[in-house]
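Coordinates as given in protein_31.txt (compact mmCIF, C-alpha atoms):
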```txt
# COMPACT_ATOMS: atom_id res chain seq x y z
CA MET Q 1 -0.76 12.09 31.47
CA HIS Q 2 2.69 12.36 29.92
CA ARG Q 3 2.40 8.79 28.62
CA ARG Q 4 -0.89 9.62 26.89
CA PHE Q 5 0.75 12.51 25.05
CA SER Q 6 3.73 10.41 24.00
CA LEU Q 7 1.38 7.74 22.63
CA GLN Q 8 -0.48 10.48 20.77
CA SER Q 9 2.73 11.81 19.26
CA ILE Q 10 3.82 8.29 18.22
CA PHE Q 11 0.42 7.79 16.55
CA ILE Q 12 0.71 11.13 14.75
CA GLU Q 13 4.27 10.44 13.59
CA LEU Q 14 3.26 7.00 12.31
CA MET Q 15 0.25 8.46 10.46
CA VAL Q 16 2.42 11.15 8.86
CA ALA Q 17 4.93 8.51 7.75
CA PHE Q 18 2.12 6.25 6.49
CA PHE Q 19 0.53 9.07 4.46
CA VAL Q 20 3.94 9.94 2.96
CA LEU Q 21 4.49 6.28 2.04
CA LEU Q 22 0.97 5.85 0.62
CA PHE Q 23 0.67 9.08 -1.37
CA LEU Q 24 4.25 9.12 -2.68
CA TYR Q 25 4.06 5.47 -3.73
CA THR Q 26 0.70 5.83 -5.52
CA ALA Q 27 1.68 9.17 -7.12
CA ILE Q 28 4.89 7.68 -8.58
CA ASN Q 29 2.96 4.66 -9.86
CA LYS Q 30 0.25 6.80 -11.45
CA LEU Q 31 2.80 9.04 -13.17
CA SER Q 32 5.10 6.23 -14.31
CA ASP Q 33 2.18 4.29 -15.83
CA ARG Q 34 0.02 7.21 -16.90
CA ASN Q 35 -1.39 5.47 -20.00
CA SER Q 36 -2.89 2.62 -17.96
CA PHE Q 37 -4.19 5.14 -15.44
CA ILE Q 38 -5.94 7.15 -18.19
CA GLU Q 39 -7.30 4.03 -19.89
CA ALA Q 40 -8.74 2.67 -16.64
CA MET Q 41 -10.41 6.04 -15.96
CA GLU Q 42 -11.80 6.25 -19.50
CA LYS Q 43 -13.67 2.99 -18.85
CA ASN Q 44 -15.21 4.47 -15.74
CA PRO Q 45 -18.51 6.31 -16.25
CA VAL Q 46 -17.92 8.61 -13.27
CA VAL Q 47 -14.53 10.02 -14.25
CA ALA Q 48 -14.29 9.23 -17.99
CA SER Q 49 -14.86 12.84 -19.08
CA TYR Q 50 -12.05 14.14 -16.89
CA ALA Q 51 -9.54 11.31 -17.40
CA THR Q 52 -6.71 13.43 -18.85
CA ILE Q 53 -7.03 16.23 -16.29
CA LEU Q 54 -7.31 13.76 -13.40
CA SER Q 55 -4.27 11.81 -14.63
CA TRP Q 56 -2.21 14.91 -13.75
CA ALA Q 57 -4.33 16.37 -10.95
CA VAL Q 58 -4.58 13.31 -8.68
CA PRO Q 59 -0.82 12.52 -8.48
CA LEU Q 60 -0.05 16.26 -8.25
CA VAL Q 61 -2.39 16.67 -5.26
CA GLU Q 62 -0.82 13.57 -3.68
CA LEU Q 63 2.68 15.03 -4.14
CA ILE Q 64 1.59 18.40 -2.68
CA ILE Q 65 0.26 16.56 0.39
CA VAL Q 66 3.62 14.74 0.73
CA VAL Q 67 5.44 18.11 0.61
CA LEU Q 68 3.06 19.55 3.24
CA LEU Q 69 3.73 16.56 5.49
CA PHE Q 70 7.48 17.12 5.19
CA ILE Q 71 7.27 20.71 6.47
CA PRO Q 72 6.50 20.72 10.24
CA VAL Q 73 4.56 24.02 10.07
CA TYR Q 74 2.22 22.64 7.38
CA ARG Q 75 2.08 19.06 8.70
CA ARG Q 76 -1.35 19.51 10.31
CA MET Q 77 -2.68 20.96 7.06
CA GLY Q 78 -1.16 17.99 5.22
CA LEU Q 79 -2.92 15.55 7.55
CA LEU Q 80 -6.24 17.31 6.91
CA ALA Q 81 -5.68 17.40 3.13
CA GLY Q 82 -4.67 13.72 3.14
CA SER Q 83 -7.74 12.75 5.16
CA ILE Q 84 -10.03 14.73 2.82
CA LEU Q 85 -8.43 13.05 -0.23
CA MET Q 86 -8.90 9.64 1.41
CA THR Q 87 -12.57 10.55 2.05
CA VAL Q 88 -13.01 11.31 -1.68
CA PHE Q 89 -11.36 7.98 -2.58
CA THR Q 90 -13.58 6.17 -0.05
CA ILE Q 91 -16.74 7.68 -1.59
CA PHE Q 92 -15.47 6.63 -5.03
CA VAL Q 93 -14.78 3.05 -3.87
CA ALA Q 94 -18.20 2.89 -2.16
CA TYR Q 95 -19.84 4.02 -5.41
CA MET Q 96 -17.93 1.37 -7.40
CA LEU Q 97 -19.03 -1.27 -4.90
CA GLN Q 98 -22.64 -0.04 -5.17
CA THR Q 99 -22.63 -0.26 -8.98
CA GLN Q 100 -21.06 -3.74 -8.81
CA SER Q 101 -18.40 -2.73 -11.25
CA SER Q 102 -15.77 -5.17 -12.43
CA LEU Q 103 -13.51 -2.32 -13.45
CA PRO Q 104 -9.94 -2.31 -12.23
CA CYS Q 105 -9.06 0.25 -9.60
CA THR Q 106 -7.01 3.23 -10.71
CA CYS Q 107 -5.30 3.49 -7.34
CA GLY Q 108 -1.74 2.69 -8.38
CA GLY Q 109 0.66 -0.10 -7.45
CA VAL Q 110 -0.21 -3.06 -5.25
CA LEU Q 111 -3.45 -1.39 -4.07
CA GLU Q 112 -4.99 -2.39 -7.41
CA GLN Q 113 -4.73 -6.04 -6.35
CA MET Q 114 -7.26 -5.49 -3.55
CA SER Q 115 -10.92 -6.34 -4.03
CA TRP Q 116 -13.35 -3.39 -3.84
CA ARG Q 117 -14.57 -4.62 -0.43
CA SER Q 118 -11.13 -4.86 1.15
CA HIS Q 119 -10.24 -1.57 -0.51
CA LEU Q 120 -13.25 0.09 1.12
CA LYS Q 121 -12.20 -1.26 4.54
CA PHE Q 122 -8.61 -0.08 4.00
CA ASN Q 123 -9.80 3.40 2.94
CA LEU Q 124 -12.26 3.71 5.84
CA ILE Q 125 -9.63 2.81 8.44
CA THR Q 126 -7.05 5.13 6.84
CA THR Q 127 -9.55 8.02 6.63
CA ILE Q 128 -10.61 7.66 10.28
CA ALA Q 129 -6.97 7.36 11.43
CA GLY Q 130 -6.08 10.40 9.30
CA PHE Q 131 -8.80 12.59 10.84
CA MET Q 132 -7.85 11.34 14.33
CA SER Q 133 -4.21 12.33 13.79
CA TYR Q 134 -5.37 15.74 12.51
CA ILE Q 135 -7.49 16.28 15.65
CA PHE Q 136 -4.72 15.05 17.98
CA TYR Q 137 -2.00 17.07 16.24
CA PRO Q 138 -1.05 19.89 18.61
CA LYS Q 139 -2.17 23.18 17.06
CA ILE Q 140 0.82 24.93 18.60
CA LEU Q 141 3.21 22.96 16.35
CA SER Q 142 1.45 24.10 13.19
CA ARG Q 143 2.22 27.79 13.91
CA PRO Q 144 5.38 29.49 12.59
CA THR Q 145 8.40 28.68 14.82
CA GLY Q 146 8.73 32.05 16.59
CA GLU Q 147 5.05 32.26 17.46
CA ALA Q 148 4.98 28.64 18.68
CA GLU Q 149 7.97 29.23 20.95
CA HIS Q 150 6.38 32.41 22.31
CA LEU Q 151 3.12 30.57 23.05
CA GLN Q 152 4.95 27.67 24.72
CA HIS Q 153 6.99 30.12 26.77
CA SER Q 154 3.91 32.10 27.91
CA ARG Q 155 2.11 28.88 28.87
CA GLN Q 156 5.01 27.80 31.07
CA HIS Q 157 4.76 31.07 33.06
CA MET C 1 16.76 15.61 12.07
CA LYS C 2 15.46 12.94 14.42
CA LYS C 3 11.92 14.23 13.81
CA PHE C 4 12.29 13.78 10.07
CA MET C 5 13.78 10.28 10.28
CA LEU C 6 10.45 8.39 10.10
CA VAL C 7 9.16 10.54 7.22
CA ILE C 8 12.43 10.17 5.29
CA ILE C 9 12.35 6.37 5.79
CA ALA C 10 8.73 6.34 4.52
CA ALA C 11 9.69 8.39 1.45
CA VAL C 12 12.65 6.10 0.67
CA MET C 13 10.39 3.06 1.09
CA ALA C 14 7.79 4.58 -1.27
CA VAL C 15 10.42 5.19 -3.98
CA GLY C 16 11.88 1.71 -3.39
CA PHE C 17 8.50 -0.03 -3.64
CA SER C 18 7.68 1.90 -6.81
CA ALA C 19 10.90 0.68 -8.41
CA PHE C 20 9.80 -2.92 -7.88
CA THR C 21 6.35 -2.34 -9.39
CA THR C 22 6.28 -3.01 -13.12
CA ALA C 23 6.10 0.29 -14.97
CA GLU C 24 3.95 -0.85 -17.87
CA LYS C 25 1.01 -2.98 -16.83
CA PRO C 26 -0.89 -4.88 -19.51
CA LEU C 27 -4.07 -2.96 -20.31
CA ALA C 28 -7.30 -4.54 -19.05
CA PRO C 29 -8.81 -6.47 -21.97
CA VAL C 30 -12.37 -5.82 -23.06
CA SER C 31 -14.01 -8.80 -24.70
CA TYR C 32 -17.35 -10.24 -25.80
CA HIS C 33 -18.61 -13.74 -26.41
CA ASN C 34 -19.63 -14.45 -30.00
CA GLY C 35 -21.54 -17.62 -29.08
CA THR C 36 -18.63 -20.01 -29.30
CA ASP C 37 -15.56 -18.12 -28.19
CA TRP C 38 -14.29 -15.00 -26.45
CA VAL C 39 -13.24 -12.24 -28.82
CA MET C 40 -11.12 -9.25 -27.89
CA TYR C 41 -13.04 -5.99 -28.38
CA THR C 42 -10.99 -3.09 -29.72
CA GLY C 43 -13.73 -0.63 -30.65
CA SER C 44 -14.95 2.44 -28.81
CA LEU C 45 -15.64 1.98 -25.11
CA CYS C 46 -18.92 2.47 -23.26
CA PRO C 47 -19.82 6.16 -23.15
CA ALA C 48 -19.44 8.07 -19.91
CA GLY C 49 -22.57 7.96 -17.79
CA GLU C 50 -23.58 4.46 -18.90
CA ILE C 51 -22.93 1.25 -17.01
CA PRO C 52 -19.27 0.20 -17.32
CA GLU C 53 -20.03 -3.04 -19.17
CA CYS C 54 -22.46 -1.85 -21.84
CA ILE C 55 -23.95 -3.57 -24.88
CA LYS C 56 -22.40 -2.69 -28.23
CA VAL C 57 -23.64 -3.56 -31.69
CA ILE C 58 -20.84 -5.56 -33.34
CA ASN C 59 -21.41 -6.83 -36.90
CA GLN C 60 -25.13 -5.97 -36.56
CA VAL C 61 -25.42 -8.12 -33.42
CA PRO C 62 -25.77 -6.58 -29.96
CA ARG C 63 -23.01 -7.95 -27.72
CA GLN C 64 -22.46 -7.56 -23.99
CA LEU C 65 -18.94 -6.31 -23.24
CA PHE C 66 -16.98 -7.82 -20.38
CA TYR C 67 -13.84 -6.66 -18.65
CA ASN C 68 -13.06 -10.23 -17.66
CA GLU C 69 -13.99 -13.32 -19.61
CA ASP C 70 -16.50 -14.77 -17.18
CA PHE C 71 -20.29 -15.01 -17.60
CA GLU C 72 -20.83 -16.38 -14.12
CA GLN C 73 -18.74 -13.93 -12.16
CA PRO C 74 -18.13 -10.82 -14.19
CA VAL C 75 -17.57 -8.75 -11.06
CA THR C 76 -14.09 -9.88 -10.10
CA ARG C 77 -13.26 -7.09 -7.65
CA LEU C 78 -16.32 -7.85 -5.53
CA ASN C 79 -14.64 -11.00 -4.27
CA PRO C 80 -13.47 -10.60 -0.69
```

Starting from the file, give its structure as structure tokens.
Amino acid sequence: MHRRFSLQSIFIELMVAFFVLLFLYTAINKLSDRNSFIEAMEKNPVVASYATILSWAVPLVELIIVVLLFIPVYRRMGLLAGSILMTVFTIFVAYMLQTQSSLPCTCGGVLEQMSWRSHLKFNLITTIAGFMSYIFYPKILSRPTGEAEHLQHSRQH
Amino acid sequence: MKKFMLVIIAAVMAVGFSAFTTAEKPLAPVSYHNGTDWVMYTGSLCPAGEIPECIKVINQVPRQLFYNEDFEQPVTRLNP
């Protein structure tokens, strides 16, 4: 039983670290090469009208998720937010695959080198793993410290 | 501190990887074929809501725009 919980916590810790790596890396790339990011979006019929707003909003949301993942109390919320963002990206990639677009991906960094198909697989796996880590994340750890300690203490007795 | 170690390593790795990624990527070229050769298209792009590679009238001739210079396989990112 104890082993199962330690495996769960390892999985959660790895997912948190992976989300931090993924979102921080792509956010920095999008912000450092904002012109290419805007231009790629302007060529896209789905997001062309909102290219300028999205060029700020997407990396900003990614950075907020990274901050949430850094703070233990908000880590569960960060996992949920990250999984929801990955779901949105997955729907976008699925749409691009459906329309057979040859457009480059606006995902930032090395992820742009992936084909749409491999990108869809990557997003699907990441989204599922993200939601799994959110479900497995102990709710008690996402409460403020004093309350969490009180709950843990009352459970022991 | 031990709890934060993995997250801090991930953050450092993210910043490190970003530093190795070229900051200014060349912009994706849009071109059309004029019958004999590929010509770079610099005019206005396809309007939002239309298919990404639309047809534009260039010098009174309708031309299909391509994001990669390939008639046979214009959809490069569909490759596995």

Atom-to-atom span, CA of Val15 (chain C) and CA of Val47 (chain Q), Å: 27.4 Å

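Restricting the calculation to all atoms listed in the file, the smallest distance between Val16 (chain Q) and any of Q:Tyr95, Q:Leu79, Q:Trp116, Q:Pro59 is found for Q:Leu79.
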
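Near chain C, counting all atoms listed in the file at 6 Å, the chain Q residues are Ala17, Leu21, Leu24, Tyr25, Asp33, Pro45, Ala48, Ser102, Ser115 and Trp116 of chain Q.
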
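Take CA of Pro72 (chain Q) and CA of Phe131 (chain Q): the distance between them is 17.3 Å.
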
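Pairwise distance (CA of Phe136 (chain Q), CA of Leu7 (chain Q)) equals 10.6 Å.
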
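Nearest-residue note for Ile84 (chain Q): choosing from Q:Leu97, Q:Leu54, Q:Ile65, Q:Leu22, the minimum distance belongs to Q:Ile65, counting all atoms listed in the file.
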